[in-house]
Protein chains: 2
Amino acid sequence: MVKTEEKALKELDKFAENLLEQLNKKEAPSFQIPSRTRSNVEFDKEKEIIDITGKKSTRSFINASHVRKFMQTLLVAKAAEEYIKNDRTVTKRELYYNLKRKLPGTSKNTWEDDDESSAVIEDLEATLGLLRQQMNISAKSRGSIYGDITIKQAGDEFSCKKLGKGGWAIPGNVEDVEIVDYNAERILFIETEAMQSRLIEEGAYDDLDTLLITGQGMAPRGVKRFLKRLQEETDLPVIAFTDGDPFGFYIYSVLKHGSMGLSHVNDHYAVPNSKFVGMTMDDIDEYGLENVTEELDEQARKKIEHNMNYEWFKYHPEWIEEMKKMKEKGVRIEQQALANKSLEFVAETYLPEKIENEEFLP
Amino acid sequence: MVKTEEKALKELDKFAENLLEQLNKKEAPSFQIPSRTRSNVEFDKEKEIIDITGKKSTRSFINASHVRKFMQTLLVAKAAEEYIKNDRTVTKRELYYNLKRKLPGTSKNTWEDDDESSAVIEDLEATLGLLRQQMNISAKSRGSIYGDITIKQAGDEFSCKKLGKGGWAIPGNVEDVEIVDYNAERILFIETEAMQSRLIEEGAYDDLDTLLITGQGMAPRGVKRFLKRLQEETDLPVIAFTDGDPFGFYIYSVLKHGSMGLSHVNDHYAVPNSKFVGMTMDDIDEYGLENVTEELDEQARKKIEHNMNYEWFKYHPEWIEEMKKMKEKGVRIEQQALANKSLEFVAETYLPEKIENEEFLP
């Protein structure tokens with residue numbers, strides 16, 4: 001059993017004991033849940049992460065409007081304990097199916113759709129201060145890592161540099177991953193798997209002394225958590241490399257400050273000291289890429305406006321500046337557009353120059 | 001240089017020499033392209049794949065409506081030769097950027113969007129009888145394999161059973177992958193990565209003597225090609241395991257007979273002798289899963305109608321029967337719904353029973 005599992009069992013135990021105590025005192029059992037409504041989400045400028053305020057709500061067994069959720073919360077808590085003890089990891093969807101059943105004497109089920117189970121899982125995360133992965137409720141697996149790092153999981157030890165051109169597929173649950181050894185100066189977080197492949201082929205992991213991680217677009221929990229653990233345990237700088245568009249910037253903002261949806265657990269994910277290497281609007285002129293930009297469509301323009309309204313964007317004048325330049329130019333620029341110079345340009349010129357000169361956005 | 005690269009260079013050479021010959025004879029250069037229009041696609045019942053008929057069209061340099069495409073085809077052919085010689089693999093999008101430039105003395109570019117470059121790449125595939133990967137134009141990487149198989153690529157040799165819980169991320173280009181050794185009785189092609197994770201955790205690769213491959217939904221070219229090569233070189237039976245819905249069935253149909261979009265190269269992808277283990281509509285009653293079905297939505301109902309009209313669906317009365325049952329029941333059933341029995345049910349009961357009794361659809 002890994003350490004996080006022991007911690008999770010302890011928290012689950014404490015949760016149950018607290019309810020039991022109330023019952024023994026003939027009190028109506030209830031527990032407190034940190035509120036996760038949007039109005040309770042704020043950008044914490046000290047921690048530099050999107051966080052929830054301290055506000056809590058109470059969930060009580062004898063309140064008619066709470067009792068269903070109360071039952072569901074206990075159902076998940078009980079199951080989580082079993083999953084951990086039986087060394088099983090489930091997906092959210094699997095948990096939904098695993099625990100769906102008719103409630104005796106009614107026409108109702110434990111839940112009717114997985115919105116119900118998902119909400120309760122997040123409630124438990126917030127209440128217990130645990131990630132759902134730490135309760136063996138796994139996230140989607142997507143994304144991969146390539147580079148000079150040796151990893152151990154489930155008894156296997158392997159180097160992520162000795163896997164052909166494919167890298168290691170990062171699983172949804174990385175709590176039991178051990179970082180055995182590494183030889184790198186930095187972690188490059190890459191938006192697209194296509195750019196990761198380019199950098200693998202160019203040998204950039206070697207020349208730039210970097211680990212290459214991609215989340216294939218917006219990184220899923222598994223990749224974000226792996227990156228966070230990697231950063232904490234190696235203390236290597238994290239550099240983000242995305243498309244030069246409002247979506248790429250948003251992906252970066254989630255990496256750095258966390259997301260609104262995970263505001264109750266962002267401290268397990270966000271890497272506030274990460275930097276942004278590109279693509280920027282200035283790259284277009286700097287590297288003569290005018291001919292390979294794409295026009296902003298309606299969706300992109302809307303996303304720019306949304307971005308500019310977020311507290312954590314306003315916190316960085318450089319980010320707002322970037323959004324303004326996008327609007328002015330009316331274009332976006334993809335990572336892969338660098339291939340217009342030459343295939344090796346990104347690995348031999350663009351990244352080395354920017355990294356050498358620390359030409360980063362905050 | 002791997003064998004397919006040598007073959008590709010030879011085909012590209014032949015293509016160029018043929019044009020040169022015409023020029024030397026003072027003829028207007030032209031070449032023939034197998035027609036890939038929908039009306040030229042048919043289900044070949046002998047080969048059991050979706051194929052193009054023999055119809056060809058001519059692309060000529062001195063025809064005003066051909067000249068742009070003629071130029072583009074030669075541009076890609078020339079670049080492909082360079083990619084192979086320089087040991088570079090590009091994505092389609094990268095190729096688009098790599099070769100986009102202003103045509104001297106005009107306001108036009110070599111192409112304006114990547115629909116143009118993509119069409120020409122497929123033209124070349126059809127004309128030369130090569131996959132674009134064999135011309136070092138890579139497919140998207142997504143999906144992974146887990147199980148007792150040792151693979152070699154780019155000088156690295158590794159076992160896909162010794163990679164923690166993550167498996168090997170299958171790259172977009174697998175032409176240079178070598179299958180060194182394997183120990184398995186079958187290949188299980190799994191629709192969702194979540195189900196693959198379940199089967200990894202349950203040790204099903206061992207108990208069922210199977211390699212576990214997922215394409216994460218509709219499998220990308222890299223996964224399909226890897227599976228095809230694996231099947232040809234090992235002669236192991238391929239068994240598909242998808243959701244019980246029209247989309248899952250369509251994914252299976254593409255695995256077995258190929259897709260319309262790739263009709264000119266389906267013989268490099270399709271595995272006509274593969275079988276289908278589930279989920280089926282009968283599974284719902286058989287295993288008591290009535291409570292964990294999902295209602296068919298409008299999109300699913302439309303997809304059923306589309307499926308029933310395809311020649312390659314009509315070719316299998318069992319498939320049509322399945323579509324009809326779906327319509328009648330009005331529901332779909334996901335792979336993960338098996339978790340309603342128990343987490344281990346799929347690995348300890350469902351799959352072993354069905355495989356033992358060869359309860360497959362064709």
# chains A, B, ... in the order shown; residues from 1 in each chain; ligands from 1

$ closest_atom_pairs --of "chain B" --to "chain A" --cutoff "8 Å" --atoms "only C-alpha atoms" --output "tab-separated table"
residue	atom	partner	partner_atom	distance
B:Arg88	CA	A:Glu201	CA	7.2
B:Thr89	CA	A:Glu201	CA	7.7
B:Val90	CA	A:Arg198	CA	7.5
B:Thr91	CA	A:Ala194	CA	6.7
B:Arg93	CA	A:Gln336	CA	7.2
B:Glu94	CA	A:Gln336	CA	5.6
B:Leu95	CA	A:Ala339	CA	7.7
B:Tyr97	CA	A:Asn340	CA	4.9
B:Asn98	CA	A:Asn340	CA	4.1
B:Leu99	CA	A:Asn340	CA	6.7
B:Lys100	CA	A:Asn340	CA	6.8
B:Arg101	CA	A:Asn291	CA	7.4
B:Lys140	CA	A:Ala194	CA	7.2
B:Ser141	CA	A:Glu193	CA	7.0
B:Ser144	CA	A:Ala169	CA	7.1
B:Lys152	CA	A:Gly164	CA	6.8
B:Gln153	CA	A:Gly164	CA	4.4
B:Ala154	CA	A:Gly164	CA	5.1
B:Gly155	CA	A:Gly164	CA	6.9
B:Asp156	CA	A:Gly164	CA	5.3
B:Glu157	CA	A:Leu163	CA	7.2
B:Phe158	CA	A:Leu163	CA	6.6
B:Lys162	CA	A:Asp156	CA	5.3
B:Leu163	CA	A:Asp156	CA	6.0
B:Gly164	CA	A:Gln153	CA	4.4
B:Lys165	CA	A:Pro171	CA	6.4
B:Gly166	CA	A:Pro171	CA	4.9
B:Gly167	CA	A:Ala169	CA	6.0
B:Trp168	CA	A:Trp168	CA	5.6
B:Ala169	CA	A:Ala169	CA	4.9
B:Ile170	CA	A:Gly166	CA	5.7
B:Pro171	CA	A:Gly166	CA	4.9
B:Glu193	CA	A:Ser141	CA	7.1
B:Ala194	CA	A:Thr91	CA	6.7
B:Arg198	CA	A:Val90	CA	7.5
B:Glu201	CA	A:Arg88	CA	7.2
B:Asn291	CA	A:Arg101	CA	7.4
B:Val292	CA	A:Tyr97	CA	6.7
B:Gln336	CA	A:Glu94	CA	5.6
B:Ala337	CA	A:Tyr97	CA	5.4
B:Leu338	CA	A:Tyr97	CA	7.6
B:Ala339	CA	A:Asn98	CA	4.7
B:Asn340	CA	A:Asn98	CA	4.1
B:Lys341	CA	A:Asn98	CA	7.0
B:Ser342	CA	A:Asn98	CA	6.4
B:Leu343	CA	A:Asn98	CA	7.0

$ select_by_dssp --residues "range 8-209 of chain B" --states "helix (DSSP H, G or I)" --output "number ranges by chain"
B: 8-24, 38-40, 67-85, 92-98, 114-128, 132-135, 193-201, 204-207

$ write_last_selection --atoms "C-alpha atoms" --output "CSV table (one decimal), in the first residue's frame"
chain,number,residue,atom,x,y,z
B,8,ALA,CA,8.8,4.2,-50.8
B,9,LEU,CA,12.0,5.7,-52.3
B,10,LYS,CA,11.8,3.3,-55.2
B,11,GLU,CA,8.1,4.1,-55.9
B,12,LEU,CA,8.8,7.9,-55.6
B,13,ASP,CA,11.7,7.4,-58.0
B,14,LYS,CA,9.6,5.5,-60.5
B,15,PHE,CA,6.9,8.2,-60.3
B,16,ALA,CA,9.5,11.0,-61.0
B,17,GLU,CA,11.2,9.0,-63.8
B,18,ASN,CA,7.9,8.5,-65.6
B,19,LEU,CA,7.4,12.2,-65.6
B,20,LEU,CA,10.9,12.9,-66.8
B,21,GLU,CA,10.5,10.4,-69.6
B,22,GLN,CA,7.5,12.3,-70.8
B,23,LEU,CA,9.4,15.6,-70.7
B,24,ASN,CA,12.3,14.1,-72.6
B,38,ARG,CA,-17.5,8.0,-52.9
B,39,SER,CA,-19.1,6.6,-56.1
B,40,ASN,CA,-15.9,4.7,-56.7
B,67,VAL,CA,-1.9,22.4,-62.9
B,68,ARG,CA,-2.2,23.6,-59.2
B,69,LYS,CA,-2.8,20.0,-58.0
B,70,PHE,CA,-0.1,18.8,-60.3
B,71,MET,CA,2.4,21.2,-58.7
B,72,GLN,CA,1.2,20.2,-55.2
B,73,THR,CA,1.6,16.5,-55.8
B,74,LEU,CA,5.2,16.9,-57.0
B,75,LEU,CA,5.9,19.2,-54.0
B,76,VAL,CA,4.8,16.5,-51.6
B,77,ALA,CA,6.5,13.7,-53.5
B,78,LYS,CA,9.8,15.7,-53.5
B,79,ALA,CA,9.4,16.5,-49.8
B,80,ALA,CA,8.6,12.9,-48.9
B,81,GLU,CA,11.9,11.8,-50.6
B,82,GLU,CA,13.7,14.3,-48.4
B,83,TYR,CA,12.0,13.3,-45.2
B,84,ILE,CA,12.9,9.7,-45.8
B,85,LYS,CA,16.5,10.5,-46.7
B,92,LYS,CA,0.2,16.1,-42.0
B,93,ARG,CA,-0.2,19.5,-40.3
B,94,GLU,CA,3.6,19.9,-40.1
B,95,LEU,CA,4.0,19.1,-43.8
B,96,TYR,CA,1.3,21.7,-44.6
B,97,TYR,CA,3.4,24.3,-42.7
B,98,ASN,CA,6.7,23.0,-43.9
B,114,ASP,CA,-4.4,21.9,-45.1
B,115,ASP,CA,-7.4,20.4,-46.9
B,116,GLU,CA,-5.4,21.0,-50.0
B,117,SER,CA,-2.3,19.3,-48.7
B,118,SER,CA,-4.2,16.5,-47.1
B,119,ALA,CA,-6.0,15.6,-50.4
B,120,VAL,CA,-2.7,15.5,-52.3
B,121,ILE,CA,-1.1,13.3,-49.7
B,122,GLU,CA,-4.0,10.8,-50.1
B,123,ASP,CA,-3.7,11.1,-53.9
B,124,LEU,CA,-0.1,10.1,-53.6
B,125,GLU,CA,-0.9,7.2,-51.3
B,126,ALA,CA,-3.4,5.9,-53.9
B,127,THR,CA,-1.1,6.5,-56.9
B,128,LEU,CA,2.0,4.9,-55.4
B,132,ARG,CA,1.7,8.1,-46.0
B,133,GLN,CA,3.5,6.8,-43.0
B,134,GLN,CA,5.7,4.9,-45.4
B,135,MET,CA,6.6,8.2,-46.9
B,193,GLU,CA,-8.7,3.1,-22.3
B,194,ALA,CA,-10.7,2.7,-19.1
B,195,MET,CA,-11.5,-0.9,-19.9
B,196,GLN,CA,-7.9,-1.5,-20.9
B,197,SER,CA,-6.9,-0.2,-17.5
B,198,ARG,CA,-9.4,-2.5,-15.8
B,199,LEU,CA,-8.0,-5.5,-17.6
B,200,ILE,CA,-4.5,-4.5,-16.8
B,201,GLU,CA,-5.3,-4.2,-13.2
B,204,ALA,CA,-6.2,-10.3,-17.7
B,205,TYR,CA,-3.3,-10.1,-20.1
B,206,ASP,CA,-1.9,-13.1,-18.1
B,207,ASP,CA,-5.1,-15.0,-17.3

$ atom_distance --atom1 "CA of Tyr350 in chain B" --atom2 "CA of Lys303 in chain B"
26.9 Å

$ select_by_dssp --residues "range 59-177 of chain B" --states "strand (DSSP E or B)" --output "count of residues only"
22

$ residues_around --residues "range 234-246 of chain B" --least-positions-apart "6" --cutoff "6 Å" --atoms "only C-alpha atoms" --output "list in words"
Arg186, Ile187, Leu188, Phe189, Ile190, Glu191, Ser274, Lys275, Phe276, Val277, Gly278, Met279, Thr280, Lys303, Ile304, Arg332, Ile333, Glu334 and Gln335 of chain B
